[in-house]
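Source file: final_22.pdb; contents: PDB, C-alpha atoms.
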ATOM      1  CA  MET A  86     -21.188  -6.137  -5.844
ATOM      2  CA  THR A  87     -17.596  -6.719  -4.992
ATOM      3  CA  GLY A  88     -15.148  -9.471  -5.553
ATOM      4  CA  PRO A  89     -16.836 -11.905  -3.209
ATOM      5  CA  SER A  90     -20.102 -11.779  -5.094
ATOM      6  CA  ALA A  91     -18.511 -13.209  -8.195
ATOM      7  CA  SER A  92     -16.691 -16.181  -6.761
ATOM      8  CA  GLY A  93     -18.147 -16.769  -3.343
ATOM      9  CA  PRO A  94     -17.259 -15.096  -0.070
ATOM     10  CA  SER A  95     -13.595 -14.169   0.199
ATOM     11  CA  ASP A  96     -11.294 -14.783   3.155
ATOM     12  CA  ARG A  97     -11.934 -11.217   4.224
ATOM     13  CA  ASP A  98     -15.654 -11.937   4.376
ATOM     14  CA  ARG A  99     -15.286 -15.221   6.222
ATOM     15  CA  GLU A 100     -12.857 -14.075   8.861
ATOM     16  CA  GLY A 101     -13.994 -12.406  12.005
ATOM     17  CA  PRO A 102     -13.520  -8.773  12.809
ATOM     18  CA  ASN A 103     -10.158  -7.062  13.338
ATOM     19  CA  ARG A 104      -8.283  -9.483  11.077
ATOM     20  CA  SER A 105      -5.976  -6.704  10.066
ATOM     21  CA  GLY A 106      -5.470  -5.401  13.494
ATOM     22  CA  GLY A 107      -6.732  -2.047  14.588
ATOM     23  CA  SER A 108      -6.066  -0.502  17.938
ATOM     24  CA  SER A 109      -5.881  -2.964  20.783
ATOM     25  CA  HIS A 110      -7.241  -0.140  22.879
ATOM     26  CA  SER A 111     -10.315   0.319  20.729
ATOM     27  CA  ARG A 112     -13.469   1.219  22.562
ATOM     28  CA  SER A 113     -15.372  -1.592  20.943
ATOM     29  CA  SER A 114     -12.903  -4.252  21.975
ATOM     30  CA  ARG A 115     -12.891  -2.993  25.525
ATOM     31  CA  ARG A 116     -16.657  -3.045  25.615
ATOM     32  CA  SER A 117     -17.156  -6.571  24.409
ATOM     33  CA  GLY A 118     -13.911  -8.060  25.583
ATOM     34  CA  SER A 119     -13.927 -10.415  22.614
ATOM     35  CA  GLY A 120     -13.000  -8.265  19.679
ATOM     36  CA  SER A 121     -16.519  -8.539  18.315
ATOM     37  CA  ASP A 122     -18.642  -5.455  18.785
ATOM     38  CA  THR A 123     -21.715  -6.542  16.914
ATOM     39  CA  PRO A 124     -24.631  -6.042  19.304
ATOM     40  CA  CYS A 125     -27.005  -7.211  16.581
ATOM     41  CA  GLY A 126     -25.516 -10.708  16.271
ATOM     42  CA  ASN A 127     -25.741 -11.547  12.581
ATOM     43  CA  SER A 128     -28.878  -9.576  11.820
ATOM     44  CA  LEU A 129     -29.124  -7.691   8.543
ATOM     45  CA  ALA A 130     -29.526  -4.311  10.202
ATOM     46  CA  ALA A 131     -29.770  -2.928  13.709
ATOM     47  CA  PHE A 132     -29.796   0.466  15.390
ATOM     48  CA  ASP A 133     -27.556   0.885  18.442
ATOM     49  CA  ARG A 134     -28.383   4.083  20.309
ATOM     50  CA  GLY A 135     -25.451   3.491  22.642
ATOM     51  CA  GLN A 136     -23.095   4.249  19.762
ATOM     52  CA  LEU A 137     -24.561   7.764  19.516
ATOM     53  CA  ARG A 138     -23.485   8.477  23.093
ATOM     54  CA  GLU A 139     -19.943   7.329  22.280
ATOM     55  CA  THR A 140     -19.653   9.687  19.323
ATOM     56  CA  HIS A 141     -17.135  12.446  20.027
ATOM     57  CA  TRP A 142     -18.190  15.998  19.199
ATOM     58  CA  GLN A 143     -14.758  16.542  17.622
ATOM     59  CA  ASP A 144     -15.514  13.806  15.068
ATOM     60  CA  LEU A 145     -18.833  15.461  14.264
ATOM     61  CA  LEU A 146     -17.174  18.862  13.981
ATOM     62  CA  ILE A 147     -14.653  17.463  11.475
ATOM     63  CA  ARG A 148     -17.483  16.011   9.415
ATOM     64  CA  PHE A 149     -19.470  19.255   9.612
ATOM     65  CA  VAL A 150     -16.480  21.274   8.423
ATOM     66  CA  PHE A 151     -15.789  18.757   5.643
ATOM     67  CA  GLY A 152     -19.438  18.699   4.519
ATOM     68  CA  ALA A 153     -19.666  22.492   4.617
ATOM     69  CA  THR A 154     -16.399  22.833   2.680
ATOM     70  CA  VAL A 155     -17.525  20.412  -0.036
ATOM     71  CA  SER A 156     -20.896  22.190  -0.317
ATOM     72  CA  VAL A 157     -19.285  25.629  -0.636
ATOM     73  CA  ALA A 158     -16.708  24.224  -3.099
ATOM     74  CA  ALA A 159     -19.481  22.662  -5.209
ATOM     75  CA  GLY A 160     -21.359  25.969  -5.205
ATOM     76  CA  THR A 161     -18.254  27.997  -6.096
ATOM     77  CA  VAL A 162     -17.177  25.583  -8.832
ATOM     78  CA  GLY A 163     -20.740  25.599 -10.190
ATOM     79  CA  LEU A 164     -20.736  29.405 -10.348
ATOM     80  CA  THR A 165     -17.309  29.485 -12.000
ATOM     81  CA  PHE A 166     -17.396  26.534 -14.402
ATOM     82  CA  GLY A 167     -21.119  25.835 -14.759
ATOM     83  CA  ALA A 168     -23.714  23.601 -13.112
ATOM     84  CA  HIS A 169     -22.475  20.440 -14.819
ATOM     85  CA  VAL A 170     -19.063  20.670 -13.160
ATOM     86  CA  GLY A 171     -20.363  21.820  -9.781
ATOM     87  CA  GLY A 172     -23.101  19.188  -9.853
ATOM     88  CA  MET A 173     -20.574  16.371 -10.008
ATOM     89  CA  LEU A 174     -19.113  17.576  -6.707
ATOM     90  CA  LEU A 175     -22.512  16.918  -5.089
ATOM     91  CA  ALA A 176     -21.523  13.246  -5.259
ATOM     92  CA  PHE A 177     -18.047  13.855  -3.838
ATOM     93  CA  PRO A 178     -17.289  11.241  -1.148
ATOM     94  CA  ALA A 179     -17.698  13.769   1.681
ATOM     95  CA  ILE A 180     -18.320  11.405   4.613
ATOM     96  CA  LEU A 181     -16.165   8.511   3.414
ATOM     97  CA  PRO A 182     -12.589   9.705   4.171
ATOM     98  CA  ALA A 183     -13.294  10.638   7.798
ATOM     99  CA  THR A 184     -15.406   7.526   8.359
ATOM    100  CA  LEU A 185     -12.911   5.066   6.873
ATOM    101  CA  THR A 186      -9.901   6.420   8.737
ATOM    102  CA  LEU A 187     -11.844   6.622  11.991
ATOM    103  CA  ILE A 188     -13.160   3.056  11.705
ATOM    104  CA  ALA A 189      -9.730   1.699  10.751
ATOM    105  CA  LYS A 190      -8.177   3.453  13.755
ATOM    106  CA  GLU A 191     -10.773   2.398  16.316
ATOM    107  CA  GLU A 192     -12.159  -0.901  15.047
ATOM    108  CA  GLY A 193      -9.589  -2.289  12.614
ATOM    109  CA  GLU A 194      -9.133  -2.434   8.864
ATOM    110  CA  GLN A 195     -11.526  -5.374   8.471
ATOM    111  CA  ARG A 196     -14.372  -3.151   9.631
ATOM    112  CA  SER A 197     -13.353  -0.328   7.313
ATOM    113  CA  PHE A 198     -13.303  -2.869   4.447
ATOM    114  CA  HIS A 199     -16.894  -3.825   5.304
ATOM    115  CA  ASP A 200     -17.858  -0.148   5.485
ATOM    116  CA  LEU A 201     -16.387   0.480   2.040
ATOM    117  CA  GLN A 202     -18.315  -2.507   0.649
ATOM    118  CA  GLY A 203     -21.510  -0.900   1.951
ATOM    119  CA  THR A 204     -20.461   2.375   0.376
ATOM    120  CA  VAL A 205     -20.668   0.740  -3.067
ATOM    121  CA  ALA A 206     -24.361   0.004  -2.452
ATOM    122  CA  GLY A 207     -24.862   3.523  -1.096
ATOM    123  CA  ALA A 208     -23.268   4.999  -4.221
ATOM    124  CA  CYS A 209     -25.623   2.946  -6.416
ATOM    125  CA  GLY A 210     -28.439   4.535  -4.410
ATOM    126  CA  LEU A 211     -26.912   7.925  -5.159
ATOM    127  CA  VAL A 212     -27.351   7.211  -8.870
ATOM    128  CA  GLY A 213     -31.031   6.512  -8.170
ATOM    129  CA  PHE A 214     -31.247   9.788  -6.235
ATOM    130  CA  GLY A 215     -29.784  11.702  -9.187
ATOM    131  CA  VAL A 216     -31.987  10.013 -11.786
ATOM    132  CA  VAL A 217     -35.203  10.764  -9.873
ATOM    133  CA  ALA A 218     -34.096  14.352  -9.209
ATOM    134  CA  ALA A 219     -33.087  14.961 -12.843
ATOM    135  CA  ILE A 220     -36.399  13.578 -14.156
ATOM    136  CA  THR A 221     -38.765  15.278 -11.718
ATOM    137  CA  PHE A 222     -37.207  18.750 -11.212
ATOM    138  CA  GLY A 223     -39.430  21.250 -12.996
ATOM    139  CA  HIS A 224     -42.467  18.972 -12.854
ATOM    140  CA  LEU A 225     -43.004  18.708  -9.105
ATOM    141  CA  ASN A 226     -42.481  20.866  -6.038
ATOM    142  CA  VAL A 227     -38.818  20.952  -5.002
ATOM    143  CA  LEU A 228     -39.493  19.447  -1.574
ATOM    144  CA  VAL A 229     -41.479  16.618  -3.160
ATOM    145  CA  VAL A 230     -38.654  16.028  -5.654
ATOM    146  CA  LEU A 231     -36.047  15.786  -2.893
ATOM    147  CA  ALA A 232     -38.297  13.526  -0.811
ATOM    148  CA  LEU A 233     -38.814  11.199  -3.796
ATOM    149  CA  ALA A 234     -35.087  11.255  -4.555
ATOM    150  CA  LEU A 235     -34.275  10.308  -0.943
ATOM    151  CA  VAL A 236     -36.806   7.469  -1.149
ATOM    152  CA  ALA A 237     -35.078   6.322  -4.365
ATOM    153  CA  TRP A 238     -31.720   6.334  -2.552
ATOM    154  CA  CYS A 239     -33.189   4.272   0.314
ATOM    155  CA  VAL A 240     -34.839   1.778  -2.048
ATOM    156  CA  VAL A 241     -31.822   1.251  -4.327
ATOM    157  CA  ALA A 242     -29.122   1.274  -1.631
ATOM    158  CA  GLY A 243     -31.212  -0.650   0.904
ATOM    159  CA  GLY A 244     -32.448  -3.136  -1.704
ATOM    160  CA  LEU A 245     -28.941  -3.881  -2.969
ATOM    161  CA  TYR A 246     -27.666  -4.246   0.591
ATOM    162  CA  LEU A 247     -30.493  -6.612   1.563
ATOM    163  CA  VAL A 248     -29.936  -8.867  -1.460
ATOM    164  CA  TRP A 249     -26.177  -8.924  -0.950
ATOM    165  CA  ALA A 250     -26.259  -9.322   2.867
ATOM    166  CA  THR A 251     -28.846 -12.110   2.637
ATOM    167  CA  TRP A 252     -26.647 -13.873   0.078
ATOM    168  CA  LEU A 253     -23.599 -13.535   2.353
ATOM    169  CA  ARG A 254     -25.482 -14.698   5.453
ATOM    170  CA  ARG A 255     -26.787 -17.806   3.693
ATOM    171  CA  ARG A 256     -23.162 -18.720   3.061
ATOM    172  CA  GLY A 257     -22.323 -18.418   6.733
ATOM    173  CA  VAL A 258     -20.566 -15.070   6.535
ATOM    174  CA  THR A 259     -20.764 -12.911   9.637
ATOM    175  CA  LEU A 260     -22.122  -9.566   8.594
TER     176      LEU A 260
ATOM    177  CA  MET B 122     -30.313  36.142  -2.363
ATOM    178  CA  SER B 123     -26.739  37.317  -2.931
ATOM    179  CA  THR B 124     -24.073  34.804  -3.926
ATOM    180  CA  PRO B 125     -22.130  34.865  -0.612
ATOM    181  CA  VAL B 126     -25.339  34.290   1.350
ATOM    182  CA  VAL B 127     -26.247  31.344  -0.892
ATOM    183  CA  LEU B 128     -22.780  29.815  -0.419
ATOM    184  CA  VAL B 129     -22.947  30.247   3.361
ATOM    185  CA  LEU B 130     -26.405  28.648   3.438
ATOM    186  CA  LYS B 131     -25.158  25.754   1.266
ATOM    187  CA  GLY B 132     -22.204  25.298   3.615
ATOM    188  CA  LEU B 133     -24.342  25.282   6.757
ATOM    189  CA  ALA B 134     -26.932  22.963   5.227
ATOM    190  CA  GLY B 135     -24.281  20.660   3.733
ATOM    191  CA  GLY B 136     -22.396  20.374   7.017
ATOM    192  CA  THR B 137     -25.605  19.687   8.925
ATOM    193  CA  PHE B 138     -26.800  16.969   6.519
ATOM    194  CA  VAL B 139     -23.360  15.313   6.579
ATOM    195  CA  VAL B 140     -23.428  15.215  10.393
ATOM    196  CA  VAL B 141     -26.967  13.781  10.425
ATOM    197  CA  PHE B 142     -26.098  10.977   7.991
ATOM    198  CA  ALA B 143     -22.773  10.349   9.776
ATOM    199  CA  LEU B 144     -24.637   9.982  13.090
ATOM    200  CA  ILE B 145     -27.043   7.486  11.543
ATOM    201  CA  GLY B 146     -24.097   5.621  10.020
ATOM    202  CA  SER B 147     -22.287   5.436  13.361
ATOM    203  CA  ALA B 148     -25.349   4.080  15.153
ATOM    204  CA  VAL B 149     -26.369   1.293  12.770
ATOM    205  CA  ARG B 150     -24.864  -2.169  12.555
ATOM    206  CA  PRO B 151     -23.392  -4.189  10.911
ATOM    207  CA  LYS B 152     -20.623  -2.142   9.295
ATOM    208  CA  ARG B 153     -21.643  -3.258   5.809
ATOM    209  CA  PHE B 154     -25.028  -1.606   6.417
ATOM    210  CA  ALA B 155     -23.433   1.461   8.032
ATOM    211  CA  GLY B 156     -21.306   1.867   4.905
ATOM    212  CA  LEU B 157     -24.417   2.813   2.946
ATOM    213  CA  PHE B 158     -24.471   6.117   4.818
ATOM    214  CA  SER B 159     -20.928   6.973   3.695
ATOM    215  CA  ALA B 160     -22.484   7.479   0.265
ATOM    216  CA  ALA B 161     -25.645   9.178   1.491
ATOM    217  CA  PRO B 162     -26.894  12.152  -0.546
ATOM    218  CA  SER B 163     -26.051  14.613   2.228
ATOM    219  CA  VAL B 164     -24.270  17.367   0.289
ATOM    220  CA  ALA B 165     -26.557  16.769  -2.709
ATOM    221  CA  THR B 166     -29.778  17.189  -0.731
ATOM    222  CA  ALA B 167     -28.524  20.323   1.022
ATOM    223  CA  SER B 168     -27.130  21.979  -2.097
ATOM    224  CA  LEU B 169     -30.122  21.168  -4.313
ATOM    225  CA  LEU B 170     -32.495  22.438  -1.631
ATOM    226  CA  ILE B 171     -30.730  25.794  -1.346
ATOM    227  CA  ALA B 172     -30.140  26.025  -5.113
ATOM    228  CA  ALA B 173     -33.833  25.438  -5.794
ATOM    229  CA  TYR B 174     -34.689  28.650  -3.964
ATOM    230  CA  SER B 175     -31.734  30.685  -5.243
ATOM    231  CA  SER B 176     -31.295  29.487  -8.867
ATOM    232  CA  GLY B 177     -33.669  28.397 -11.570
ATOM    233  CA  VAL B 178     -35.074  24.909 -12.150
ATOM    234  CA  HIS B 179     -32.931  24.682 -15.292
ATOM    235  CA  GLU B 180     -29.796  25.083 -13.174
ATOM    236  CA  ILE B 181     -30.661  22.409 -10.605
ATOM    237  CA  THR B 182     -31.698  19.979 -13.349
ATOM    238  CA  HIS B 183     -28.149  20.307 -14.690
ATOM    239  CA  ASP B 184     -26.860  19.799 -11.144
ATOM    240  CA  ALA B 185     -28.878  16.581 -10.831
ATOM    241  CA  GLN B 186     -27.687  15.274 -14.206
ATOM    242  CA  ALA B 187     -24.068  15.906 -13.211
ATOM    243  CA  LEU B 188     -24.746  14.269  -9.843
ATOM    244  CA  ILE B 189     -25.455  11.000 -11.674
ATOM    245  CA  VAL B 190     -21.996  11.120 -13.265
ATOM    246  CA  GLY B 191     -20.439  11.926  -9.886
ATOM    247  CA  ALA B 192     -22.291   9.002  -8.297
ATOM    248  CA  VAL B 193     -21.055   6.585 -10.975
ATOM    249  CA  ALA B 194     -17.547   7.899 -10.246
ATOM    250  CA  MET B 195     -18.118   7.145  -6.575
ATOM    251  CA  ILE B 196     -19.146   3.544  -7.329
ATOM    252  CA  ALA B 197     -15.979   3.105  -9.390
ATOM    253  CA  ALA B 198     -13.783   4.790  -6.763
ATOM    254  CA  ALA B 199     -15.155   2.631  -3.927
ATOM    255  CA  LEU B 200     -14.711  -0.561  -5.979
ATOM    256  CA  LEU B 201     -11.147   0.448  -6.883
ATOM    257  CA  GLY B 202     -10.445   1.297  -3.229
ATOM    258  CA  LEU B 203     -11.528  -2.107  -1.872
ATOM    259  CA  PRO B 204      -8.357  -4.026  -2.863
ATOM    260  CA  LEU B 205      -6.188  -1.210  -1.505
ATOM    261  CA  LEU B 206      -7.509  -1.489   2.062
ATOM    262  CA  GLY B 207      -5.112  -3.761   3.905
ATOM    263  CA  ARG B 208      -2.290  -3.025   1.469
ATOM    264  CA  LEU B 209      -2.244   0.690   2.224
ATOM    265  CA  SER B 210      -3.229   2.554   5.377
ATOM    266  CA  ALA B 211      -6.832   3.730   5.591
ATOM    267  CA  PHE B 212      -5.689   7.333   5.186
ATOM    268  CA  ARG B 213      -3.737   6.577   1.999
ATOM    269  CA  THR B 214      -6.633   4.485   0.714
ATOM    270  CA  THR B 215      -9.031   7.402   1.153
ATOM    271  CA  LEU B 216      -6.590   9.642  -0.728
ATOM    272  CA  CYS B 217      -6.529   7.094  -3.566
ATOM    273  CA  ILE B 218     -10.344   6.832  -3.512
ATOM    274  CA  THR B 219     -10.620  10.610  -3.753
ATOM    275  CA  GLY B 220      -8.149  10.577  -6.649
ATOM    276  CA  PHE B 221     -10.036   7.753  -8.369
ATOM    277  CA  TRP B 222     -13.278   9.687  -7.923
ATOM    278  CA  ALA B 223     -11.783  12.829  -9.457
ATOM    279  CA  GLY B 224     -10.330  10.861 -12.368
ATOM    280  CA  VAL B 225     -13.503   8.944 -13.187
ATOM    281  CA  ALA B 226     -15.636  12.084 -12.736
ATOM    282  CA  ALA B 227     -13.363  13.978 -15.146
ATOM    283  CA  ILE B 228     -13.684  11.187 -17.723
ATOM    284  CA  GLY B 229     -17.463  11.173 -17.199
ATOM    285  CA  TYR B 230     -17.621  14.929 -17.663
ATOM    286  CA  VAL B 231     -15.709  14.796 -20.935
ATOM    287  CA  ALA B 232     -17.649  11.759 -22.197
ATOM    288  CA  VAL B 233     -21.187  12.673 -21.115
ATOM    289  CA  LEU B 234     -21.662  16.222 -19.909
ATOM    290  CA  ARG B 235     -19.444  18.476 -21.988
TER     291      ARG B 235
END
Written as structure tokens, that's how I'd like the structure from this file.
Amino acid sequence: MTGPSASGPSDRDREGPNRSGGSSHSRSSRRSGSGSDTPCGNSLAAFDRGQLRETHWQDLLIRFVFGATVSVAAGTVGLTFGAHVGGMLLAFPAILPATLTLIAKEEGEQRSFHDLQGTVAGACGLVGFGVVAAITFGHLNVLVVLALALVAWCVVAGGLYLVWATWLRRRGVTL
Amino acid sequence: MSTPVVLVLKGLAGGTFVVVFALIGSAVRPKRFAGLFSAAPSVATASLLIAAYSSGVHEITHDAQALIVGAVAMIAAALLGLPLLGRLSAFRTTLCITGFWAGVAAIGYVAVLR
């Protein structure tokens, strides 16, 4: 999926978190006291409800504004230049910029590197979403189409992540 | 529905879906798994949902076809951005990723969609 998959895990994969620094005052470091904020150990996936409570409403507002802006821009571009141009903007990396900069600031660049690696798998899932939507629109109810497309995203993105993360974990890489 | 109303609805729905996926992404671990949600179909789901009730099926089929090209551009942009993280600041890296996305999407449009 990325460099490491071709020639074995890279130094970036092997090293622990916060290799490249990040704020020494990060919330995660303060919480764990060790620089590692992985409550799930080395499990493939875990849900940490505590993180939801730590989410600042300002961060969510920024993301809302960004998501709304991209949606309106896609709609406007679609009306002006046609659906093919506007449609491409539906895959604009709307969450990525805010997420990457926020993670780098609070948890270090190593974590943002890991997040971007996951984004590659998520983007592959987005292709699956588009393929299912393009094939089934006009044949099925719109809500069914979108539900199937979301399932396709989950299957492709989740499947790629599972294969890749299992491969990394077998080689002793901390996820 | 009038055009301004459709755009407002797309904006509200798009913003809401982005927040929902961002919340999921912030609550899951490890970061490699959370990264999946940075490429979640948030804007796509919202826009296609509203467009389905405001435009014809023909229109949203074109949207979905173009979405595939945009998604391929996102894969390329994320892969190109990986070696930049650590060399550039995260902010500059995201600017480069956005530029890569626009460049690859433009090439895809000319090669496939036009």
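Proximity to Leu129 in chain A at 12 Å, evaluated using all atoms listed in the file and with sequence-adjacent residues fewer than 5 positions away removed, yields A:Thr123, A:Pro124, A:Gly243, A:Gly244, A:Tyr246, A:Leu247, A:Val248, A:Trp249, A:Ala250, A:Thr251, A:Trp252, A:Leu253, A:Arg254, A:Arg255, A:Val258, A:Thr259, A:Leu260, B:Val149, B:Arg150, B:Pro151, B:Lys152, B:Arg153, B:Phe154, B:Ala155.
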Hits of the PyMOL selection byres ((chain A and resi 167) around 12) in this structure, as a VMD selection string: (chain A and resid 159 to 166 168 to 174) or (chain B and resid 179 to 181 183 to 184 187 230 234 to 235)
Output the residue selection produced by the ChimeraX specification (/A :<7) & /B on the file above, formatted as a short mmCIF file (atom, residue, chain, number, x, y, z; two decimals) with C-alpha atoms, in the frame of the given file.
data_model
loop_
_atom_site.label_atom_id
_atom_site.label_comp_id
_atom_site.auth_asym_id
_atom_site.auth_seq_id
_atom_site.Cartn_x
_atom_site.Cartn_y
_atom_site.Cartn_z
CA LEU B 128 -22.78 29.82 -0.42
CA LYS B 131 -25.16 25.75 1.27
CA GLY B 132 -22.20 25.30 3.62
CA LEU B 133 -24.34 25.28 6.76
CA GLY B 135 -24.28 20.66 3.73
CA GLY B 136 -22.40 20.37 7.02
CA THR B 137 -25.60 19.69 8.93
CA VAL B 139 -23.36 15.31 6.58
CA VAL B 140 -23.43 15.22 10.39
CA ALA B 143 -22.77 10.35 9.78
CA LEU B 144 -24.64 9.98 13.09
CA SER B 147 -22.29 5.44 13.36
CA ALA B 148 -25.35 4.08 15.15
CA VAL B 149 -26.37 1.29 12.77
CA ARG B 150 -24.86 -2.17 12.56
CA PRO B 151 -23.39 -4.19 10.91
CA LYS B 152 -20.62 -2.14 9.30
CA ARG B 153 -21.64 -3.26 5.81
CA PHE B 154 -25.03 -1.61 6.42
CA ALA B 155 -23.43 1.46 8.03
CA GLY B 156 -21.31 1.87 4.90
CA LEU B 157 -24.42 2.81 2.95
CA PHE B 158 -24.47 6.12 4.82
CA SER B 159 -20.93 6.97 3.70
CA ALA B 160 -22.48 7.48 0.26
CA ALA B 161 -25.64 9.18 1.49
CA PRO B 162 -26.89 12.15 -0.55
CA VAL B 164 -24.27 17.37 0.29
CA ALA B 165 -26.56 16.77 -2.71
CA THR B 166 -29.78 17.19 -0.73
CA SER B 168 -27.13 21.98 -2.10
CA ALA B 173 -33.83 25.44 -5.79
CA VAL B 178 -35.07 24.91 -12.15
CA GLU B 180 -29.80 25.08 -13.17
CA THR B 182 -31.70 19.98 -13.35
CA HIS B 183 -28.15 20.31 -14.69
CA ASP B 184 -26.86 19.80 -11.14
CA ALA B 185 -28.88 16.58 -10.83
CA GLN B 186 -27.69 15.27 -14.21
CA ALA B 187 -24.07 15.91 -13.21
CA LEU B 188 -24.75 14.27 -9.84
CA ILE B 189 -25.46 11.00 -11.67
CA VAL B 190 -22.00 11.12 -13.26
CA GLY B 191 -20.44 11.93 -9.89
CA ALA B 192 -22.29 9.00 -8.30
CA VAL B 193 -21.06 6.58 -10.98
CA MET B 195 -18.12 7.14 -6.58
CA ILE B 196 -19.15 3.54 -7.33
CA ALA B 199 -15.16 2.63 -3.93
CA LEU B 200 -14.71 -0.56 -5.98
CA LEU B 203 -11.53 -2.11 -1.87
CA LEU B 206 -7.51 -1.49 2.06
CA GLY B 207 -5.11 -3.76 3.90
CA ALA B 211 -6.83 3.73 5.59
CA PHE B 212 -5.69 7.33 5.19
CA THR B 215 -9.03 7.40 1.15
CA LEU B 234 -21.66 16.22 -19.91
#
Between CA of Ser175 in chain B and CA of Thr124 in chain B - distance in Å to one decimal: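 For CA of Thr124 in chain B relative to CA of Ser175 in chain B, the distance reads 8.8 Å.
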Computed interatomic separation between CA of Arg256 in chain A and CA of Val241 in chain A (Å): 23.0 Å
Atomic separation - CA of Leu245 in chain A relative to CA of Phe221 in chain B, Å: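 Taking CA of Phe221 in chain B as the start and CA of Leu245 in chain A as the end point, the length is 22.8 Å.
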Please, could N, CA and C atoms be added to range 210-225 of chain A and the result written as a CSV table (one decimal), in the coordinates of the input?
chain,number,residue,atom,x,y,z
A,210,GLY,N,-27.2,3.8,-4.8
A,210,GLY,CA,-28.4,4.5,-4.4
A,210,GLY,C,-28.4,6.0,-4.8
A,211,LEU,N,-27.1,6.5,-4.8
A,211,LEU,CA,-26.9,7.9,-5.2
A,211,LEU,C,-27.2,8.1,-6.6
A,212,VAL,N,-27.0,7.1,-7.5
A,212,VAL,CA,-27.4,7.2,-8.9
A,212,VAL,C,-28.9,7.3,-9.0
A,213,GLY,N,-29.6,6.5,-8.2
A,213,GLY,CA,-31.0,6.5,-8.2
A,213,GLY,C,-31.5,7.9,-7.7
A,214,PHE,N,-30.9,8.4,-6.7
A,214,PHE,CA,-31.2,9.8,-6.2
A,214,PHE,C,-31.1,10.8,-7.4
A,215,GLY,N,-30.0,10.8,-8.1
A,215,GLY,CA,-29.8,11.7,-9.2
A,215,GLY,C,-30.8,11.5,-10.3
A,216,VAL,N,-31.1,10.3,-10.7
A,216,VAL,CA,-32.0,10.0,-11.8
A,216,VAL,C,-33.4,10.6,-11.5
A,217,VAL,N,-33.9,10.3,-10.3
A,217,VAL,CA,-35.2,10.8,-9.9
A,217,VAL,C,-35.2,12.3,-9.8
A,218,ALA,N,-34.2,12.9,-9.3
A,218,ALA,CA,-34.1,14.4,-9.2
A,218,ALA,C,-34.1,15.0,-10.6
A,219,ALA,N,-33.2,14.4,-11.5
A,219,ALA,CA,-33.1,15.0,-12.8
A,219,ALA,C,-34.4,14.9,-13.6
A,220,ILE,N,-35.1,13.8,-13.4
A,220,ILE,CA,-36.4,13.6,-14.2
A,220,ILE,C,-37.5,14.5,-13.6
A,221,THR,N,-37.6,14.6,-12.3
A,221,THR,CA,-38.8,15.3,-11.7
A,221,THR,C,-38.6,16.8,-11.4
A,222,PHE,N,-37.4,17.3,-11.4
A,222,PHE,CA,-37.2,18.8,-11.2
A,222,PHE,C,-37.9,19.5,-12.4
A,223,GLY,N,-38.7,20.5,-12.0
A,223,GLY,CA,-39.4,21.2,-13.0
A,223,GLY,C,-40.9,20.8,-13.2
A,224,HIS,N,-41.1,19.5,-12.7
A,224,HIS,CA,-42.5,19.0,-12.9
A,224,HIS,C,-43.2,18.9,-11.5
A,225,LEU,N,-42.4,18.8,-10.4
A,225,LEU,CA,-43.0,18.7,-9.1
A,225,LEU,C,-42.4,19.8,-8.2
